[in-house]
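Asker: The file below is input11.cif, mmCIF, N, CA and C atoms:
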```cif
data_query
loop_
_atom_site.label_atom_id
_atom_site.label_comp_id
_atom_site.auth_asym_id
_atom_site.auth_seq_id
_atom_site.Cartn_x
_atom_site.Cartn_y
_atom_site.Cartn_z
N PHE T 127 -69.96 -25.78 -27.96
CA PHE T 127 -69.57 -26.27 -29.27
C PHE T 127 -70.63 -25.97 -30.31
N GLY T 128 -71.89 -26.31 -30.01
CA GLY T 128 -72.95 -26.12 -30.99
C GLY T 128 -73.11 -24.68 -31.41
N TYR T 129 -73.08 -23.75 -30.46
CA TYR T 129 -73.28 -22.34 -30.79
C TYR T 129 -72.12 -21.80 -31.61
N ALA T 130 -70.89 -22.10 -31.21
CA ALA T 130 -69.72 -21.62 -31.94
C ALA T 130 -69.71 -22.20 -33.35
N PHE T 131 -70.12 -23.45 -33.49
CA PHE T 131 -70.12 -24.10 -34.80
C PHE T 131 -71.15 -23.43 -35.72
N LEU T 132 -72.30 -23.05 -35.16
CA LEU T 132 -73.37 -22.48 -35.97
C LEU T 132 -73.24 -20.97 -36.16
N ASN T 133 -72.40 -20.34 -35.40
CA ASN T 133 -72.29 -18.89 -35.47
C ASN T 133 -70.84 -18.49 -35.69
N PRO T 134 -70.30 -18.70 -36.89
CA PRO T 134 -68.87 -18.45 -37.14
C PRO T 134 -68.50 -16.98 -37.03
N SER T 135 -67.26 -16.74 -36.75
CA SER T 135 -66.71 -15.39 -36.64
C SER T 135 -66.80 -14.68 -38.00
N ARG T 136 -67.23 -13.43 -38.00
CA ARG T 136 -67.32 -12.65 -39.24
C ARG T 136 -65.94 -12.42 -39.85
N ARG T 137 -64.92 -12.26 -39.01
CA ARG T 137 -63.56 -12.05 -39.54
C ARG T 137 -63.03 -13.31 -40.19
N GLU T 138 -63.27 -14.45 -39.55
CA GLU T 138 -62.74 -15.71 -40.06
C GLU T 138 -63.52 -16.20 -41.29
N TYR T 139 -64.83 -15.92 -41.32
CA TYR T 139 -65.68 -16.38 -42.43
C TYR T 139 -66.56 -15.22 -42.90
N PRO T 140 -66.00 -14.22 -43.59
CA PRO T 140 -66.77 -13.02 -43.96
C PRO T 140 -67.90 -13.27 -44.95
N ASN T 141 -67.86 -14.35 -45.72
CA ASN T 141 -68.88 -14.61 -46.73
C ASN T 141 -69.97 -15.57 -46.27
N ILE T 142 -69.98 -15.89 -44.99
CA ILE T 142 -70.98 -16.82 -44.48
C ILE T 142 -71.95 -16.05 -43.58
N ASN T 143 -73.22 -16.17 -43.91
CA ASN T 143 -74.27 -15.56 -43.10
C ASN T 143 -75.11 -16.69 -42.51
N VAL T 144 -75.25 -16.70 -41.21
CA VAL T 144 -75.99 -17.76 -40.53
C VAL T 144 -77.27 -17.19 -39.94
N ASP T 145 -78.39 -17.75 -40.35
CA ASP T 145 -79.69 -17.42 -39.77
C ASP T 145 -80.17 -18.65 -39.02
N ILE T 146 -80.37 -18.51 -37.73
CA ILE T 146 -80.82 -19.64 -36.91
C ILE T 146 -82.32 -19.52 -36.72
N GLU T 147 -83.04 -20.54 -37.13
CA GLU T 147 -84.49 -20.57 -36.99
C GLU T 147 -84.85 -21.54 -35.89
N LYS T 148 -85.57 -21.06 -34.90
CA LYS T 148 -86.03 -21.92 -33.82
C LYS T 148 -87.39 -22.47 -34.20
N LEU T 149 -87.54 -23.78 -34.12
CA LEU T 149 -88.80 -24.43 -34.48
C LEU T 149 -89.36 -25.17 -33.27
N ALA T 150 -90.66 -25.15 -33.12
CA ALA T 150 -91.31 -25.94 -32.08
C ALA T 150 -91.14 -27.41 -32.45
N TYR T 151 -90.82 -28.24 -31.46
CA TYR T 151 -90.54 -29.64 -31.74
C TYR T 151 -91.70 -30.32 -32.47
N ASP T 152 -92.92 -30.03 -32.04
CA ASP T 152 -94.09 -30.70 -32.61
C ASP T 152 -94.26 -30.45 -34.10
N SER T 153 -93.73 -29.35 -34.61
CA SER T 153 -93.88 -29.04 -36.03
C SER T 153 -92.57 -29.15 -36.80
N MET T 154 -91.46 -29.38 -36.10
CA MET T 154 -90.15 -29.36 -36.74
C MET T 154 -90.02 -30.41 -37.85
N ARG T 155 -90.36 -31.64 -37.57
CA ARG T 155 -90.18 -32.71 -38.57
C ARG T 155 -90.98 -32.41 -39.84
N ASP T 156 -92.24 -32.00 -39.68
CA ASP T 156 -93.06 -31.71 -40.85
C ASP T 156 -92.47 -30.57 -41.67
N LYS T 157 -91.97 -29.53 -41.00
CA LYS T 157 -91.39 -28.39 -41.71
C LYS T 157 -90.11 -28.80 -42.44
N LEU T 158 -89.29 -29.64 -41.79
CA LEU T 158 -88.07 -30.11 -42.44
C LEU T 158 -88.38 -30.97 -43.67
N VAL T 159 -89.30 -31.91 -43.52
CA VAL T 159 -89.66 -32.78 -44.64
C VAL T 159 -90.21 -31.96 -45.80
N ALA T 160 -91.05 -30.97 -45.50
CA ALA T 160 -91.59 -30.11 -46.57
C ALA T 160 -90.45 -29.39 -47.29
N SER T 161 -89.45 -28.94 -46.54
CA SER T 161 -88.30 -28.28 -47.16
C SER T 161 -87.50 -29.24 -48.03
N PHE T 162 -87.30 -30.46 -47.54
CA PHE T 162 -86.54 -31.47 -48.30
C PHE T 162 -87.23 -31.79 -49.62
N GLN T 163 -88.56 -31.77 -49.63
CA GLN T 163 -89.32 -32.16 -50.81
C GLN T 163 -89.58 -31.00 -51.77
N ALA T 164 -89.27 -29.79 -51.35
CA ALA T 164 -89.49 -28.61 -52.19
C ALA T 164 -88.43 -28.54 -53.29
N PRO T 165 -88.75 -27.89 -54.41
CA PRO T 165 -87.76 -27.75 -55.48
C PRO T 165 -86.48 -27.05 -55.00
N GLN T 166 -86.61 -26.08 -54.12
CA GLN T 166 -85.46 -25.37 -53.54
C GLN T 166 -85.59 -25.49 -52.03
N GLY T 167 -84.62 -26.17 -51.39
CA GLY T 167 -84.67 -26.37 -49.95
C GLY T 167 -84.49 -25.08 -49.18
N THR T 168 -84.98 -25.08 -47.95
CA THR T 168 -84.89 -23.92 -47.07
C THR T 168 -83.60 -23.92 -46.27
N TYR T 169 -83.11 -25.11 -45.92
CA TYR T 169 -82.02 -25.21 -44.96
C TYR T 169 -80.77 -25.83 -45.57
N ASP T 170 -79.61 -25.32 -45.17
CA ASP T 170 -78.33 -25.90 -45.55
C ASP T 170 -77.77 -26.78 -44.43
N LEU T 171 -78.14 -26.45 -43.21
CA LEU T 171 -77.65 -27.15 -42.02
C LEU T 171 -78.82 -27.30 -41.06
N ILE T 172 -79.02 -28.50 -40.57
CA ILE T 172 -80.15 -28.73 -39.65
C ILE T 172 -79.70 -29.52 -38.44
N MET T 173 -80.48 -29.40 -37.39
CA MET T 173 -80.32 -30.25 -36.22
C MET T 173 -81.60 -31.09 -36.15
N ILE T 174 -81.44 -32.41 -36.09
CA ILE T 174 -82.62 -33.27 -36.07
C ILE T 174 -82.58 -34.16 -34.83
N ASP T 175 -83.73 -34.71 -34.53
CA ASP T 175 -83.83 -35.64 -33.41
C ASP T 175 -83.25 -36.99 -33.85
N ASN T 176 -82.58 -37.64 -32.93
CA ASN T 176 -81.88 -38.90 -33.25
C ASN T 176 -82.75 -39.93 -33.99
N PRO T 177 -84.00 -40.16 -33.56
CA PRO T 177 -84.79 -41.20 -34.25
C PRO T 177 -85.11 -40.89 -35.70
N TRP T 178 -84.95 -39.65 -36.13
CA TRP T 178 -85.26 -39.30 -37.52
C TRP T 178 -84.13 -39.62 -38.48
N THR T 179 -82.95 -39.86 -37.99
CA THR T 179 -81.77 -40.00 -38.85
C THR T 179 -81.97 -41.11 -39.89
N ASP T 180 -82.35 -42.30 -39.47
CA ASP T 180 -82.53 -43.40 -40.42
C ASP T 180 -83.56 -43.06 -41.49
N ASP T 181 -84.70 -42.51 -41.08
CA ASP T 181 -85.74 -42.17 -42.05
C ASP T 181 -85.25 -41.13 -43.05
N PHE T 182 -84.56 -40.12 -42.56
CA PHE T 182 -84.09 -39.04 -43.44
C PHE T 182 -83.01 -39.54 -44.40
N VAL T 183 -82.13 -40.42 -43.92
CA VAL T 183 -81.11 -40.98 -44.80
C VAL T 183 -81.76 -41.87 -45.85
N ASN T 184 -82.67 -42.75 -45.42
CA ASN T 184 -83.33 -43.66 -46.36
C ASN T 184 -84.16 -42.91 -47.40
N ALA T 185 -84.67 -41.73 -47.05
CA ALA T 185 -85.45 -40.93 -48.00
C ALA T 185 -84.55 -40.09 -48.91
N GLY T 186 -83.23 -40.10 -48.65
CA GLY T 186 -82.31 -39.32 -49.47
C GLY T 186 -82.26 -37.85 -49.10
N PHE T 187 -82.70 -37.51 -47.88
CA PHE T 187 -82.73 -36.11 -47.45
C PHE T 187 -81.39 -35.61 -46.92
N LEU T 188 -80.51 -36.50 -46.48
CA LEU T 188 -79.25 -36.10 -45.85
C LEU T 188 -78.06 -36.54 -46.69
N ALA T 189 -77.02 -35.74 -46.68
CA ALA T 189 -75.78 -36.05 -47.39
C ALA T 189 -74.74 -36.55 -46.40
N PRO T 190 -73.92 -37.52 -46.79
CA PRO T 190 -72.84 -37.97 -45.89
C PRO T 190 -71.87 -36.83 -45.59
N LEU T 191 -71.36 -36.81 -44.37
CA LEU T 191 -70.46 -35.75 -43.93
C LEU T 191 -69.03 -36.24 -43.70
N ASP T 192 -68.72 -37.46 -44.09
CA ASP T 192 -67.41 -38.05 -43.77
C ASP T 192 -66.24 -37.17 -44.20
N SER T 193 -66.26 -36.68 -45.43
CA SER T 193 -65.12 -35.88 -45.90
C SER T 193 -65.05 -34.54 -45.17
N ARG T 194 -66.19 -33.96 -44.85
CA ARG T 194 -66.19 -32.70 -44.10
C ARG T 194 -65.69 -32.90 -42.67
N ILE T 195 -66.13 -33.97 -42.05
CA ILE T 195 -65.67 -34.27 -40.69
C ILE T 195 -64.17 -34.52 -40.69
N GLY T 196 -63.70 -35.26 -41.70
CA GLY T 196 -62.28 -35.57 -41.79
C GLY T 196 -61.40 -34.35 -42.01
N SER T 197 -61.94 -33.33 -42.64
CA SER T 197 -61.13 -32.14 -42.91
C SER T 197 -61.37 -31.00 -41.92
N ALA T 198 -62.22 -31.21 -40.93
CA ALA T 198 -62.50 -30.16 -39.94
C ALA T 198 -61.36 -30.09 -38.93
N SER T 199 -60.65 -28.98 -38.94
CA SER T 199 -59.46 -28.85 -38.08
C SER T 199 -59.80 -28.70 -36.60
N LYS T 200 -60.98 -28.21 -36.29
CA LYS T 200 -61.34 -27.96 -34.89
C LYS T 200 -62.27 -29.03 -34.32
N LEU T 201 -62.39 -30.15 -35.01
CA LEU T 201 -63.28 -31.21 -34.57
C LEU T 201 -62.54 -32.53 -34.57
N ASP T 202 -62.55 -33.21 -33.44
CA ASP T 202 -62.03 -34.57 -33.37
C ASP T 202 -63.23 -35.48 -33.12
N TYR T 203 -63.74 -36.04 -34.20
CA TYR T 203 -64.96 -36.86 -34.14
C TYR T 203 -64.80 -38.02 -33.16
N ASP T 204 -63.59 -38.52 -33.00
CA ASP T 204 -63.35 -39.63 -32.09
C ASP T 204 -63.50 -39.23 -30.62
N ASP T 205 -63.62 -37.93 -30.34
CA ASP T 205 -63.87 -37.48 -28.96
C ASP T 205 -65.26 -37.88 -28.47
N PHE T 206 -66.17 -38.15 -29.41
CA PHE T 206 -67.51 -38.57 -29.04
C PHE T 206 -67.53 -40.07 -28.75
N TYR T 207 -68.32 -40.47 -27.77
CA TYR T 207 -68.44 -41.89 -27.46
C TYR T 207 -68.98 -42.64 -28.68
N PRO T 208 -68.53 -43.87 -28.88
CA PRO T 208 -69.01 -44.65 -30.04
C PRO T 208 -70.54 -44.76 -30.09
N SER T 209 -71.19 -44.86 -28.95
CA SER T 209 -72.65 -44.98 -28.96
C SER T 209 -73.31 -43.70 -29.47
N LEU T 210 -72.71 -42.54 -29.20
CA LEU T 210 -73.25 -41.28 -29.72
C LEU T 210 -72.98 -41.14 -31.21
N ARG T 211 -71.78 -41.54 -31.64
CA ARG T 211 -71.47 -41.50 -33.08
C ARG T 211 -72.37 -42.44 -33.85
N GLY T 212 -72.66 -43.58 -33.27
CA GLY T 212 -73.43 -44.61 -33.96
C GLY T 212 -74.82 -44.17 -34.38
N VAL T 213 -75.41 -43.22 -33.66
CA VAL T 213 -76.73 -42.71 -34.01
C VAL T 213 -76.72 -42.08 -35.40
N ASN T 214 -75.58 -41.50 -35.77
CA ASN T 214 -75.46 -40.77 -37.03
C ASN T 214 -74.76 -41.56 -38.12
N GLU T 215 -74.35 -42.78 -37.84
CA GLU T 215 -73.61 -43.59 -38.80
C GLU T 215 -74.52 -44.67 -39.36
N ILE T 216 -74.73 -44.63 -40.66
CA ILE T 216 -75.64 -45.57 -41.32
C ILE T 216 -74.95 -46.13 -42.55
N ASP T 217 -74.91 -47.44 -42.65
CA ASP T 217 -74.32 -48.14 -43.79
C ASP T 217 -72.91 -47.64 -44.12
N GLY T 218 -72.11 -47.40 -43.07
CA GLY T 218 -70.72 -47.02 -43.25
C GLY T 218 -70.47 -45.54 -43.52
N SER T 219 -71.51 -44.73 -43.53
CA SER T 219 -71.35 -43.28 -43.74
C SER T 219 -71.87 -42.52 -42.52
N THR T 220 -71.33 -41.32 -42.32
CA THR T 220 -71.71 -40.48 -41.19
C THR T 220 -72.56 -39.32 -41.69
N TYR T 221 -73.73 -39.14 -41.07
CA TYR T 221 -74.69 -38.13 -41.52
C TYR T 221 -74.92 -37.01 -40.50
N GLY T 222 -74.22 -37.03 -39.40
CA GLY T 222 -74.40 -35.99 -38.42
C GLY T 222 -73.30 -36.01 -37.38
N ILE T 223 -73.23 -34.93 -36.63
CA ILE T 223 -72.29 -34.80 -35.52
C ILE T 223 -73.12 -34.77 -34.25
N PRO T 224 -72.80 -35.60 -33.26
CA PRO T 224 -73.58 -35.58 -32.02
C PRO T 224 -73.59 -34.19 -31.39
N MET T 225 -74.76 -33.76 -30.97
CA MET T 225 -74.86 -32.47 -30.32
C MET T 225 -75.47 -32.59 -28.93
N TYR T 226 -76.26 -33.60 -28.72
CA TYR T 226 -76.90 -33.81 -27.43
C TYR T 226 -77.15 -35.29 -27.25
N ASN T 227 -77.47 -35.66 -26.05
CA ASN T 227 -77.73 -37.06 -25.75
C ASN T 227 -78.91 -37.15 -24.81
N TYR T 228 -79.75 -38.11 -25.05
CA TYR T 228 -80.84 -38.38 -24.13
C TYR T 228 -80.31 -39.29 -23.02
N ALA T 229 -79.72 -38.68 -22.03
CA ALA T 229 -79.20 -39.48 -20.91
C ALA T 229 -80.38 -39.89 -20.04
N GLN T 230 -80.72 -41.14 -20.07
CA GLN T 230 -81.85 -41.65 -19.32
C GLN T 230 -81.39 -42.25 -18.00
N GLY T 231 -82.17 -42.06 -17.01
CA GLY T 231 -81.90 -42.68 -15.73
C GLY T 231 -83.11 -43.50 -15.32
N TYR T 232 -82.86 -44.59 -14.66
CA TYR T 232 -83.95 -45.44 -14.19
C TYR T 232 -84.05 -45.27 -12.68
N ILE T 233 -85.14 -44.70 -12.25
CA ILE T 233 -85.36 -44.48 -10.82
C ILE T 233 -86.54 -45.35 -10.43
N TYR T 234 -86.40 -46.08 -9.36
CA TYR T 234 -87.48 -46.97 -8.94
C TYR T 234 -87.74 -46.81 -7.46
N ARG T 235 -88.94 -47.22 -7.06
CA ARG T 235 -89.32 -47.18 -5.65
C ARG T 235 -89.12 -48.56 -5.06
N ASP T 236 -88.13 -48.65 -4.22
CA ASP T 236 -87.79 -49.91 -3.56
C ASP T 236 -88.96 -50.45 -2.76
N ASP T 237 -89.71 -49.56 -2.10
CA ASP T 237 -90.84 -50.01 -1.28
C ASP T 237 -91.90 -50.72 -2.11
N LEU T 238 -92.18 -50.21 -3.32
CA LEU T 238 -93.19 -50.86 -4.17
C LEU T 238 -92.70 -52.20 -4.69
N LEU T 239 -91.42 -52.26 -5.04
CA LEU T 239 -90.88 -53.55 -5.49
C LEU T 239 -90.92 -54.57 -4.35
N GLN T 240 -90.55 -54.15 -3.16
CA GLN T 240 -90.58 -55.07 -2.01
C GLN T 240 -92.00 -55.53 -1.70
N GLN T 241 -92.95 -54.60 -1.72
CA GLN T 241 -94.36 -54.96 -1.46
C GLN T 241 -94.86 -56.00 -2.46
N ALA T 242 -94.42 -55.87 -3.71
CA ALA T 242 -94.86 -56.79 -4.77
C ALA T 242 -94.00 -58.04 -4.82
N GLY T 243 -92.92 -58.08 -4.01
CA GLY T 243 -92.02 -59.23 -4.02
C GLY T 243 -91.23 -59.34 -5.31
N LEU T 244 -90.87 -58.20 -5.89
CA LEU T 244 -90.17 -58.19 -7.18
C LEU T 244 -88.74 -57.68 -7.01
N PRO T 245 -87.80 -58.26 -7.75
CA PRO T 245 -86.43 -57.73 -7.75
C PRO T 245 -86.34 -56.51 -8.66
N VAL T 246 -85.27 -55.77 -8.55
CA VAL T 246 -85.01 -54.65 -9.46
C VAL T 246 -84.73 -55.23 -10.84
N PRO T 247 -85.47 -54.80 -11.87
CA PRO T 247 -85.23 -55.33 -13.21
C PRO T 247 -83.85 -54.93 -13.73
N THR T 248 -83.22 -55.87 -14.41
CA THR T 248 -81.90 -55.60 -14.99
C THR T 248 -81.87 -55.78 -16.51
N THR T 249 -82.98 -56.23 -17.08
CA THR T 249 -83.09 -56.37 -18.54
C THR T 249 -84.40 -55.73 -18.98
N LEU T 250 -84.53 -55.49 -20.28
CA LEU T 250 -85.75 -54.91 -20.80
C LEU T 250 -86.94 -55.84 -20.57
N ASP T 251 -86.75 -57.14 -20.77
CA ASP T 251 -87.83 -58.09 -20.54
C ASP T 251 -88.28 -58.07 -19.07
N GLU T 252 -87.32 -58.01 -18.15
CA GLU T 252 -87.66 -57.93 -16.73
C GLU T 252 -88.40 -56.64 -16.41
N LEU T 253 -87.99 -55.54 -17.05
CA LEU T 253 -88.66 -54.26 -16.83
C LEU T 253 -90.12 -54.34 -17.28
N VAL T 254 -90.37 -54.90 -18.45
CA VAL T 254 -91.73 -55.03 -18.95
C VAL T 254 -92.57 -55.88 -18.00
N THR T 255 -92.03 -56.99 -17.55
CA THR T 255 -92.75 -57.86 -16.61
C THR T 255 -93.06 -57.12 -15.31
N THR T 256 -92.08 -56.40 -14.78
CA THR T 256 -92.26 -55.65 -13.54
C THR T 256 -93.31 -54.55 -13.71
N VAL T 257 -93.22 -53.81 -14.80
CA VAL T 257 -94.20 -52.75 -15.06
C VAL T 257 -95.60 -53.33 -15.13
N ASN T 258 -95.76 -54.44 -15.83
CA ASN T 258 -97.08 -55.06 -15.94
C ASN T 258 -97.61 -55.50 -14.59
N LYS T 259 -96.74 -56.02 -13.73
CA LYS T 259 -97.18 -56.46 -12.41
C LYS T 259 -97.50 -55.29 -11.48
N LEU T 260 -96.84 -54.15 -11.68
CA LEU T 260 -97.08 -52.99 -10.82
C LEU T 260 -98.22 -52.09 -11.31
N THR T 261 -98.66 -52.29 -12.55
CA THR T 261 -99.71 -51.45 -13.11
C THR T 261 -101.08 -51.92 -12.63
N THR T 262 -101.82 -50.97 -12.07
CA THR T 262 -103.20 -51.22 -11.62
C THR T 262 -104.07 -50.08 -12.15
N PRO T 263 -105.38 -50.19 -12.02
CA PRO T 263 -106.23 -49.07 -12.45
C PRO T 263 -105.93 -47.77 -11.70
N GLN T 264 -105.37 -47.87 -10.52
CA GLN T 264 -105.08 -46.68 -9.72
C GLN T 264 -103.60 -46.25 -9.80
N HIS T 265 -102.73 -47.09 -10.38
CA HIS T 265 -101.30 -46.83 -10.29
C HIS T 265 -100.59 -47.25 -11.58
N ALA T 266 -99.82 -46.32 -12.15
CA ALA T 266 -99.03 -46.64 -13.34
C ALA T 266 -97.75 -47.33 -12.90
N GLY T 267 -97.38 -48.40 -13.58
CA GLY T 267 -96.18 -49.13 -13.23
C GLY T 267 -94.91 -48.47 -13.71
N ILE T 268 -95.03 -47.49 -14.61
CA ILE T 268 -93.86 -46.76 -15.11
C ILE T 268 -94.34 -45.40 -15.62
N ALA T 269 -93.45 -44.43 -15.56
CA ALA T 269 -93.78 -43.09 -16.06
C ALA T 269 -92.56 -42.52 -16.75
N HIS T 270 -92.82 -41.70 -17.76
CA HIS T 270 -91.74 -41.05 -18.49
C HIS T 270 -92.28 -39.69 -18.96
N SER T 271 -91.50 -38.66 -18.77
CA SER T 271 -91.93 -37.33 -19.17
C SER T 271 -91.15 -36.90 -20.42
N PRO T 272 -91.79 -36.90 -21.59
CA PRO T 272 -91.08 -36.52 -22.81
C PRO T 272 -90.85 -35.02 -22.92
N GLN T 273 -91.49 -34.22 -22.10
CA GLN T 273 -91.29 -32.79 -22.18
C GLN T 273 -90.79 -32.28 -20.87
#
```
Could you spell out this file's structure in structure tokens?
Answerer:
Amino acid sequence: FGYAFLNPSRREYPNINVDIEKLAYDSMRDKLVASFQAPQGTYDLIMIDNPWTDDFVNAGFLAPLDSRIGSASKLDYDDFYPSLRGVNEIDGSTYGIPMYNYAQGYIYRDDLLQQAGLPVPTTLDELVTTVNKLTTPQHAGIAHSPQ
């Protein structure tokens, strides 16, 4: 979906030229913000990380897409799960189309929980408590790889 959407057919859209710029994640936000603040912006269409949506909307960098989404013949916005749509919906307006999801999984070591006499956490508060109890100078109670 993402590639077809960003790379339209020359026959169907002869007056549209699409240049796709790949940006390193670590510099992407700064480059986008600099473009938004410039007298003439660099980008007409962007893909941003989910946590940036609120900041970019509040700064006036993004335009609502409701009318465009409503008139898109090849897009059924309701096909996306409400939780995915919600990332892009702010104050009753829609500012993006879901393209990816950070599907997180929680994997735990039963042996370590049993050794510590702890149940499997089922809430965020329980997770924090469990992590704190399992963390030692030699052992991290939780790990996450952002890259």
Asker: Pick out each residue of chain T that DSSP on the backbone tags as strand (DSSP E or B); I need them as a PyMOL selection string.
Answerer: chain T and resi 215-216+219-220+262+265
Asker: Between CA of Asp181 in chain T and CA of Glu215 in chain T, what is the distance in Å, rounded to a tenth?
Answerer: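 So the two atoms, CA of Asp181 in chain T and CA of Glu215 in chain T, lie 12.6 Å apart.
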Asker: Emit as JSON the padded axis-aligned box for all listed atoms of range 178-197 of chain T, 6 Å per side, with centre and edge lengths in Å to one decimal.
Answerer:
```
{"center_x": -73.4, "center_y": -37.3, "center_z": -42.8, "size_x": 36.6, "size_y": 24.7, "size_z": 25.3}
```
Asker: Could you list, as a VMD selection string, every residue within 12 Å of range 252-268 of chain T, counting only C-alpha atoms and ignoring same-chain residues fewer than 2 positions away?
Answerer: chain T and resid 232 to 235 237 to 250 270 to 271
Asker: Take the residues that were just selected and, keeping N, CA and C atoms, output them as a short mmCIF file (atom, residue, chain, number, x, y, z; two decimals), in the frame of the given file.
Answerer:
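Contents of selection-v6.cif, as written:
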```
data_model
loop_
_atom_site.label_atom_id
_atom_site.label_comp_id
_atom_site.auth_asym_id
_atom_site.auth_seq_id
_atom_site.Cartn_x
_atom_site.Cartn_y
_atom_site.Cartn_z
N TYR T 232 -82.86 -44.59 -14.66
CA TYR T 232 -83.95 -45.44 -14.19
C TYR T 232 -84.05 -45.27 -12.68
N ILE T 233 -85.14 -44.70 -12.25
CA ILE T 233 -85.36 -44.48 -10.82
C ILE T 233 -86.54 -45.35 -10.43
N TYR T 234 -86.40 -46.08 -9.36
CA TYR T 234 -87.48 -46.97 -8.94
C TYR T 234 -87.74 -46.81 -7.46
N ARG T 235 -88.94 -47.22 -7.06
CA ARG T 235 -89.32 -47.18 -5.65
C ARG T 235 -89.12 -48.56 -5.06
N ASP T 237 -89.71 -49.56 -2.10
CA ASP T 237 -90.84 -50.01 -1.28
C ASP T 237 -91.90 -50.72 -2.11
N LEU T 238 -92.18 -50.21 -3.32
CA LEU T 238 -93.19 -50.86 -4.17
C LEU T 238 -92.70 -52.20 -4.69
N LEU T 239 -91.42 -52.26 -5.04
CA LEU T 239 -90.88 -53.55 -5.49
C LEU T 239 -90.92 -54.57 -4.35
N GLN T 240 -90.55 -54.15 -3.16
CA GLN T 240 -90.58 -55.07 -2.01
C GLN T 240 -92.00 -55.53 -1.70
N GLN T 241 -92.95 -54.60 -1.72
CA GLN T 241 -94.36 -54.96 -1.46
C GLN T 241 -94.86 -56.00 -2.46
N ALA T 242 -94.42 -55.87 -3.71
CA ALA T 242 -94.86 -56.79 -4.77
C ALA T 242 -94.00 -58.04 -4.82
N GLY T 243 -92.92 -58.08 -4.01
CA GLY T 243 -92.02 -59.23 -4.02
C GLY T 243 -91.23 -59.34 -5.31
N LEU T 244 -90.87 -58.20 -5.89
CA LEU T 244 -90.17 -58.19 -7.18
C LEU T 244 -88.74 -57.68 -7.01
N PRO T 245 -87.80 -58.26 -7.75
CA PRO T 245 -86.43 -57.73 -7.75
C PRO T 245 -86.34 -56.51 -8.66
N VAL T 246 -85.27 -55.77 -8.55
CA VAL T 246 -85.01 -54.65 -9.46
C VAL T 246 -84.73 -55.23 -10.84
N PRO T 247 -85.47 -54.80 -11.87
CA PRO T 247 -85.23 -55.33 -13.21
C PRO T 247 -83.85 -54.93 -13.73
N THR T 248 -83.22 -55.87 -14.41
CA THR T 248 -81.90 -55.60 -14.99
C THR T 248 -81.87 -55.78 -16.51
N THR T 249 -82.98 -56.23 -17.08
CA THR T 249 -83.09 -56.37 -18.54
C THR T 249 -84.40 -55.73 -18.98
N LEU T 250 -84.53 -55.49 -20.28
CA LEU T 250 -85.75 -54.91 -20.80
C LEU T 250 -86.94 -55.84 -20.57
N HIS T 270 -92.82 -41.70 -17.76
CA HIS T 270 -91.74 -41.05 -18.49
C HIS T 270 -92.28 -39.69 -18.96
N SER T 271 -91.50 -38.66 -18.77
CA SER T 271 -91.93 -37.33 -19.17
C SER T 271 -91.15 -36.90 -20.42
#
```
Asker: Step by step, work through what the PyMOL selection byres ((chain T and resi 221) around 7) selects in the shown file, and finish by giving those residues as a list in words.
Answerer: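 In the shown coordinates, the PyMOL selection byres ((chain T and resi 221) around 7) covers Leu188, Ala189, Pro190, Leu191, Asp192, Asn214, Glu215, Ile216, Ser219, Thr220, Gly222 and Ile223 of chain T.
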Asker: Just N, CA and C atoms for this one: save the residues we selected as an mmCIF file, in the coordinates of the input.
Answerer:
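Result written to out.cif:
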```
data_model
loop_
_atom_site.group_PDB
_atom_site.id
_atom_site.type_symbol
_atom_site.label_atom_id
_atom_site.label_comp_id
_atom_site.auth_asym_id
_atom_site.auth_seq_id
_atom_site.Cartn_x
_atom_site.Cartn_y
_atom_site.Cartn_z
ATOM 1 N N LEU T 188 -80.510 -36.500 -46.480
ATOM 2 C CA LEU T 188 -79.250 -36.100 -45.850
ATOM 3 C C LEU T 188 -78.060 -36.540 -46.690
ATOM 4 N N ALA T 189 -77.020 -35.740 -46.680
ATOM 5 C CA ALA T 189 -75.780 -36.050 -47.390
ATOM 6 C C ALA T 189 -74.740 -36.550 -46.400
ATOM 7 N N PRO T 190 -73.920 -37.520 -46.790
ATOM 8 C CA PRO T 190 -72.840 -37.970 -45.890
ATOM 9 C C PRO T 190 -71.870 -36.830 -45.590
ATOM 10 N N LEU T 191 -71.360 -36.810 -44.370
ATOM 11 C CA LEU T 191 -70.460 -35.750 -43.930
ATOM 12 C C LEU T 191 -69.030 -36.240 -43.700
ATOM 13 N N ASP T 192 -68.720 -37.460 -44.090
ATOM 14 C CA ASP T 192 -67.410 -38.050 -43.770
ATOM 15 C C ASP T 192 -66.240 -37.170 -44.200
ATOM 16 N N ASN T 214 -75.580 -41.500 -35.770
ATOM 17 C CA ASN T 214 -75.460 -40.770 -37.030
ATOM 18 C C ASN T 214 -74.760 -41.560 -38.120
ATOM 19 N N GLU T 215 -74.350 -42.780 -37.840
ATOM 20 C CA GLU T 215 -73.610 -43.590 -38.800
ATOM 21 C C GLU T 215 -74.520 -44.670 -39.360
ATOM 22 N N ILE T 216 -74.730 -44.630 -40.660
ATOM 23 C CA ILE T 216 -75.640 -45.570 -41.320
ATOM 24 C C ILE T 216 -74.950 -46.130 -42.550
ATOM 25 N N SER T 219 -71.510 -44.730 -43.530
ATOM 26 C CA SER T 219 -71.350 -43.280 -43.740
ATOM 27 C C SER T 219 -71.870 -42.520 -42.520
ATOM 28 N N THR T 220 -71.330 -41.320 -42.320
ATOM 29 C CA THR T 220 -71.710 -40.480 -41.190
ATOM 30 C C THR T 220 -72.560 -39.320 -41.690
ATOM 31 N N GLY T 222 -74.220 -37.030 -39.400
ATOM 32 C CA GLY T 222 -74.400 -35.990 -38.420
ATOM 33 C C GLY T 222 -73.300 -36.010 -37.380
ATOM 34 N N ILE T 223 -73.230 -34.930 -36.630
ATOM 35 C CA ILE T 223 -72.290 -34.800 -35.520
ATOM 36 C C ILE T 223 -73.120 -34.770 -34.250
#
```
Asker: Write out as a PyMOL selection string which residues come within 12 Å of Asp170 in chain T when counting only C-alpha atoms, dropping same-chain ones fewer than 4 positions away.
Answerer: chain T and resi 132+142-147+158+161-162+166+187-189
Asker: Could you tell me, as a list in words, which residues of range 197-269 of chain T DSSP assigns to helix (DSSP H, G or I) when given the backbone?
Answerer: Ser197, Tyr203, Asp204, Asp205, Pro208, Ser209, Leu210, Arg211, Gly212, Asp236, Asp237, Leu238, Leu239, Gln240, Gln241, Ala242, Leu250, Asp251, Glu252, Leu253, Val254, Thr255, Thr256, Val257, Asn258, Lys259 and Leu260 of chain T
